[in-house]
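Engineer: Take this structure first; my questions come after.
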Amino acid sequence: MSASSVEVTLTKAGRIKVGYPAQLLTDDGTHIAVRAEWAGTGVRDFGFVRFEPGDVFTEHYWRDRWYAVKEVRSSDGVLKGWYCDVTRPAVLDGHQLTVEDRGA
């Protein structure tokens with residue numbers, strides 16, 4: 001893993017939901033931003049948006065806030081949308097970024 005790479009681990013109720021490699025864009029001590037490709041398998045259709053292989057997520061996490069904000073773009077750069085997760089504050093330990101999803 002390079003110096004600008006992190007492994008993002010999203011957990012829920014004490015279990016790992018998903019883990020994936022990401023590029024660390026910024027870390028100012030409070031706000032952490034990473035960029036990663038869609039980590040799911042295949043297509044996930046929510047009706048109002050589809051997450052597909054090649055989609056790029058720019059994810060914003062905070063060490064002092066209980067949410068995360070994510071921008072989603074298609075592989076050709078077209079904005080698909082933004083969404084917000086209710087989370088515990090993010091923890092970055094070395095190259096491991098852990099975020100606990102608190103949403104329903």
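Just remember, in the structure tokens the first chain shown is A, the second B, etc., residues are 1-based per chain, and ligands are 1-based in the order shown.
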Identify, on the basis of only C-alpha atoms, every residue whose closest approach to segment 36-43 of chain A does not exceed 6 Å; exclude the query and any residue fewer than 2 positions from it along the same chain; express the result as a compact mmCIF listing (two decimals) with N, CA and C atoms, in the first residue's frame.

Structural biologist:
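Dumped to result.txt:
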# COMPACT_ATOMS: atom_id res chain seq x y z
N ALA A 22 -8.55 2.74 -1.10
CA ALA A 22 -8.89 4.09 -1.55
C ALA A 22 -7.62 4.94 -1.58
N PHE A 51 -25.42 2.17 -8.81
CA PHE A 51 -23.98 2.08 -8.60
C PHE A 51 -23.49 0.94 -9.47
N GLU A 52 -22.45 1.24 -10.26
CA GLU A 52 -21.97 0.29 -11.26
C GLU A 52 -20.45 0.20 -11.22
N PRO A 53 -19.89 -0.93 -11.69
CA PRO A 53 -18.44 -1.03 -11.79
C PRO A 53 -17.88 0.17 -12.55
N GLY A 54 -16.80 0.74 -12.03
CA GLY A 54 -16.18 1.90 -12.65
C GLY A 54 -16.62 3.22 -12.04
N ASP A 55 -17.75 3.23 -11.30
CA ASP A 55 -18.18 4.46 -10.62
C ASP A 55 -17.10 4.88 -9.62
N VAL A 56 -16.95 6.19 -9.45
CA VAL A 56 -15.93 6.73 -8.56
C VAL A 56 -16.60 7.49 -7.43
N PHE A 57 -16.23 7.14 -6.21
CA PHE A 57 -16.77 7.76 -5.00
C PHE A 57 -15.70 8.66 -4.39

Engineer: Excluding His95 of chain A and its own-chain neighbours fewer than 2 positions away, which residues fall within 12 Å of it when counting only C-alpha atoms? Please give them as a PyMOL selection string.

Structural biologist: chain A and resi 1-9+20-24+27+34+91-93+97-98

Engineer: Write out, as a CSV table (one decimal), in the first residue's frame, the residues just selected, with N, CA and C atoms.

Structural biologist:
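Everything below was put into selection.csv:
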chain,number,residue,atom,x,y,z
A,1,MET,N,0.9,-1.2,0.0
A,1,MET,CA,0.0,0.0,0.0
A,1,MET,C,0.9,1.2,0.0
A,2,SER,N,0.6,2.2,-0.9
A,2,SER,CA,1.5,3.4,-1.0
A,2,SER,C,1.1,4.3,0.1
A,3,ALA,N,2.0,5.4,0.3
A,3,ALA,CA,1.8,6.4,1.4
A,3,ALA,C,0.5,7.1,1.2
A,4,SER,N,-0.1,7.2,0.0
A,4,SER,CA,-1.3,7.9,-0.2
A,4,SER,C,-2.5,7.0,-0.3
A,5,SER,N,-2.3,5.7,0.1
A,5,SER,CA,-3.4,4.7,0.0
A,5,SER,C,-3.9,4.4,1.4
A,6,VAL,N,-5.2,4.1,1.5
A,6,VAL,CA,-5.7,3.6,2.8
A,6,VAL,C,-6.7,2.5,2.5
A,7,GLU,N,-6.9,1.7,3.5
A,7,GLU,CA,-7.9,0.6,3.4
A,7,GLU,C,-9.1,1.1,4.2
A,8,VAL,N,-10.3,1.3,3.5
A,8,VAL,CA,-11.5,1.8,4.2
A,8,VAL,C,-12.3,0.5,4.6
A,9,THR,N,-12.7,0.5,5.9
A,9,THR,CA,-13.5,-0.5,6.4
A,9,THR,C,-14.7,0.1,7.0
A,20,TYR,N,-12.4,-1.8,1.3
A,20,TYR,CA,-11.9,-1.5,-0.1
A,20,TYR,C,-10.7,-0.5,0.0
A,21,PRO,N,-9.8,-0.6,-1.0
A,21,PRO,CA,-8.7,0.3,-1.1
A,21,PRO,C,-9.2,1.7,-1.6
A,22,ALA,N,-8.5,2.7,-1.1
A,22,ALA,CA,-8.9,4.1,-1.6
A,22,ALA,C,-7.6,4.9,-1.6
A,23,GLN,N,-7.7,6.0,-2.4
A,23,GLN,CA,-6.6,7.0,-2.4
A,23,GLN,C,-6.9,8.1,-1.4
A,24,LEU,N,-6.0,8.3,-0.5
A,24,LEU,CA,-6.1,9.4,0.5
A,24,LEU,C,-5.9,10.7,-0.2
A,27,ASP,N,-6.0,14.9,4.6
A,27,ASP,CA,-6.3,14.7,6.0
A,27,ASP,C,-5.7,15.9,6.8
A,34,VAL,N,-11.2,10.7,0.8
A,34,VAL,CA,-10.6,9.6,0.0
A,34,VAL,C,-11.4,9.4,-1.3
A,91,VAL,N,-12.1,6.9,12.2
A,91,VAL,CA,-10.8,6.6,12.9
A,91,VAL,C,-9.8,6.2,11.8
A,92,LEU,N,-8.7,7.0,11.7
A,92,LEU,CA,-7.7,6.7,10.8
A,92,LEU,C,-6.5,6.3,11.6
A,93,ASP,N,-6.1,5.0,11.5
A,93,ASP,CA,-4.9,4.5,12.2
A,93,ASP,C,-3.9,3.9,11.2
A,97,LEU,N,-8.6,3.2,7.6
A,97,LEU,CA,-9.7,4.1,7.9
A,97,LEU,C,-11.0,3.3,8.3
A,98,THR,N,-11.4,3.4,9.5
A,98,THR,CA,-12.6,2.6,9.9
A,98,THR,C,-13.7,3.6,10.2

Engineer: Give me the residues within 8 Å of Asp101 of chain A as a list in words, counting only C-alpha atoms and dropping any in the same chain fewer than 4 places off.

Structural biologist: Leu10, Thr11, Lys12, Ala13, Asp85, Val86, Thr87 and Arg88 of chain A

Engineer: Pick out the closest residue to Val69 of chain A from this set: A:Gly14, A:Gly29, A:Gly94, A:Gly81. Count only C-alpha atoms.

Structural biologist: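 Checking each candidate against Val69 of chain A, we get A:Gly81 as the closest.
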
Engineer: Using only C-alpha atoms for the distances, tell me which of A:Glu71, A:His60, A:Val49, A:Val99 is nearest to Leu25 of chain A.

Structural biologist: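 Using only C-alpha atoms, Leu25 of chain A sits closest to A:His60.
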
Engineer: Among segment 9-67 of chain A, which residues carry a DSSP assignment of strand (DSSP E), reported as an MDAnalysis selection string?

Structural biologist: chainID A and resid 9:12 15:27 31:37 44:45 50:51 56:62 67

Engineer: Let's have the selection written as a compact mmCIF listing (two decimals), in the first residue's frame, with N, CA and C atoms.

Structural biologist:
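Wrote out20.txt, looks like this:
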# COMPACT_ATOMS: atom_id res chain seq x y z
N THR A 9 -12.65 0.53 5.88
CA THR A 9 -13.48 -0.54 6.41
C THR A 9 -14.75 0.08 6.97
N LEU A 10 -15.88 -0.30 6.39
CA LEU A 10 -17.18 0.16 6.86
C LEU A 10 -17.80 -0.95 7.68
N THR A 11 -18.18 -0.63 8.93
CA THR A 11 -18.78 -1.63 9.81
C THR A 11 -20.21 -1.23 10.17
N LYS A 12 -20.97 -2.21 10.60
CA LYS A 12 -22.32 -1.97 11.10
C LYS A 12 -22.62 -3.03 12.14
N ARG A 15 -19.96 -5.63 12.77
CA ARG A 15 -19.56 -6.52 11.68
C ARG A 15 -19.05 -5.70 10.51
N ILE A 16 -18.10 -6.24 9.79
CA ILE A 16 -17.59 -5.57 8.60
C ILE A 16 -18.62 -5.69 7.48
N LYS A 17 -19.07 -4.54 6.98
CA LYS A 17 -19.99 -4.50 5.83
C LYS A 17 -19.21 -4.63 4.53
N VAL A 18 -18.14 -3.84 4.43
CA VAL A 18 -17.33 -3.85 3.21
C VAL A 18 -15.98 -3.21 3.52
N GLY A 19 -14.98 -3.66 2.82
CA GLY A 19 -13.65 -3.06 2.89
C GLY A 19 -13.13 -2.87 1.49
N TYR A 20 -12.38 -1.79 1.27
CA TYR A 20 -11.88 -1.51 -0.07
C TYR A 20 -10.71 -0.54 -0.01
N PRO A 21 -9.83 -0.62 -1.01
CA PRO A 21 -8.71 0.32 -1.07
C PRO A 21 -9.19 1.68 -1.59
N ALA A 22 -8.55 2.74 -1.10
CA ALA A 22 -8.89 4.09 -1.55
C ALA A 22 -7.62 4.94 -1.58
N GLN A 23 -7.69 6.01 -2.36
CA GLN A 23 -6.61 6.98 -2.41
C GLN A 23 -6.91 8.07 -1.39
N LEU A 24 -5.97 8.34 -0.49
CA LEU A 24 -6.11 9.42 0.47
C LEU A 24 -5.90 10.74 -0.24
N LEU A 25 -6.92 11.59 -0.24
CA LEU A 25 -6.84 12.90 -0.91
C LEU A 25 -6.37 13.98 0.05
N THR A 26 -6.92 13.96 1.28
CA THR A 26 -6.56 14.96 2.27
C THR A 26 -6.84 14.44 3.67
N ASP A 27 -6.05 14.91 4.61
CA ASP A 27 -6.28 14.66 6.03
C ASP A 27 -5.72 15.85 6.78
N HIS A 31 -10.85 16.48 9.05
CA HIS A 31 -11.54 16.02 7.84
C HIS A 31 -10.62 15.12 7.03
N ILE A 32 -11.16 13.98 6.62
CA ILE A 32 -10.43 13.01 5.79
C ILE A 32 -11.22 12.83 4.51
N ALA A 33 -10.56 12.96 3.36
CA ALA A 33 -11.22 12.70 2.08
C ALA A 33 -10.45 11.62 1.34
N VAL A 34 -11.21 10.68 0.76
CA VAL A 34 -10.62 9.59 -0.01
C VAL A 34 -11.39 9.44 -1.33
N ARG A 35 -10.75 8.79 -2.29
CA ARG A 35 -11.41 8.48 -3.57
C ARG A 35 -11.24 7.00 -3.82
N ALA A 36 -12.33 6.36 -4.23
CA ALA A 36 -12.29 4.92 -4.48
C ALA A 36 -13.31 4.55 -5.55
N GLU A 37 -13.03 3.47 -6.25
CA GLU A 37 -14.01 2.93 -7.20
C GLU A 37 -15.06 2.13 -6.44
N ARG A 44 -25.82 -2.13 -8.43
CA ARG A 44 -26.81 -2.00 -7.34
C ARG A 44 -27.75 -0.87 -7.73
N ASP A 45 -28.99 -1.22 -8.01
CA ASP A 45 -29.98 -0.26 -8.48
C ASP A 45 -30.90 0.13 -7.33
N ARG A 50 -28.04 4.21 -9.84
CA ARG A 50 -27.42 2.89 -9.98
C ARG A 50 -25.93 3.02 -9.70
N PHE A 51 -25.42 2.17 -8.81
CA PHE A 51 -23.98 2.08 -8.60
C PHE A 51 -23.49 0.94 -9.47
N VAL A 56 -16.95 6.19 -9.45
CA VAL A 56 -15.93 6.73 -8.56
C VAL A 56 -16.60 7.49 -7.43
N PHE A 57 -16.23 7.14 -6.21
CA PHE A 57 -16.77 7.76 -5.00
C PHE A 57 -15.70 8.66 -4.39
N THR A 58 -16.04 9.92 -4.14
CA THR A 58 -15.20 10.80 -3.34
C THR A 58 -15.90 10.91 -2.00
N GLU A 59 -15.23 10.41 -0.96
CA GLU A 59 -15.87 10.23 0.35
C GLU A 59 -15.24 11.17 1.36
N HIS A 60 -16.10 11.82 2.14
CA HIS A 60 -15.65 12.78 3.15
C HIS A 60 -16.05 12.28 4.53
N TYR A 61 -15.04 12.12 5.39
CA TYR A 61 -15.24 11.63 6.76
C TYR A 61 -14.66 12.66 7.72
N TRP A 62 -15.18 12.66 8.95
CA TRP A 62 -14.69 13.57 9.97
C TRP A 62 -14.42 12.80 11.26
N TYR A 67 -21.39 11.85 10.77
CA TYR A 67 -21.89 11.59 9.42
C TYR A 67 -20.72 11.54 8.44

Engineer: When you draw a straight line from atom CA of Pro89 of chain A to atom CA of Arg63 of chain A, how long is it in Å?

Structural biologist: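 It comes out at 4.6 Å.
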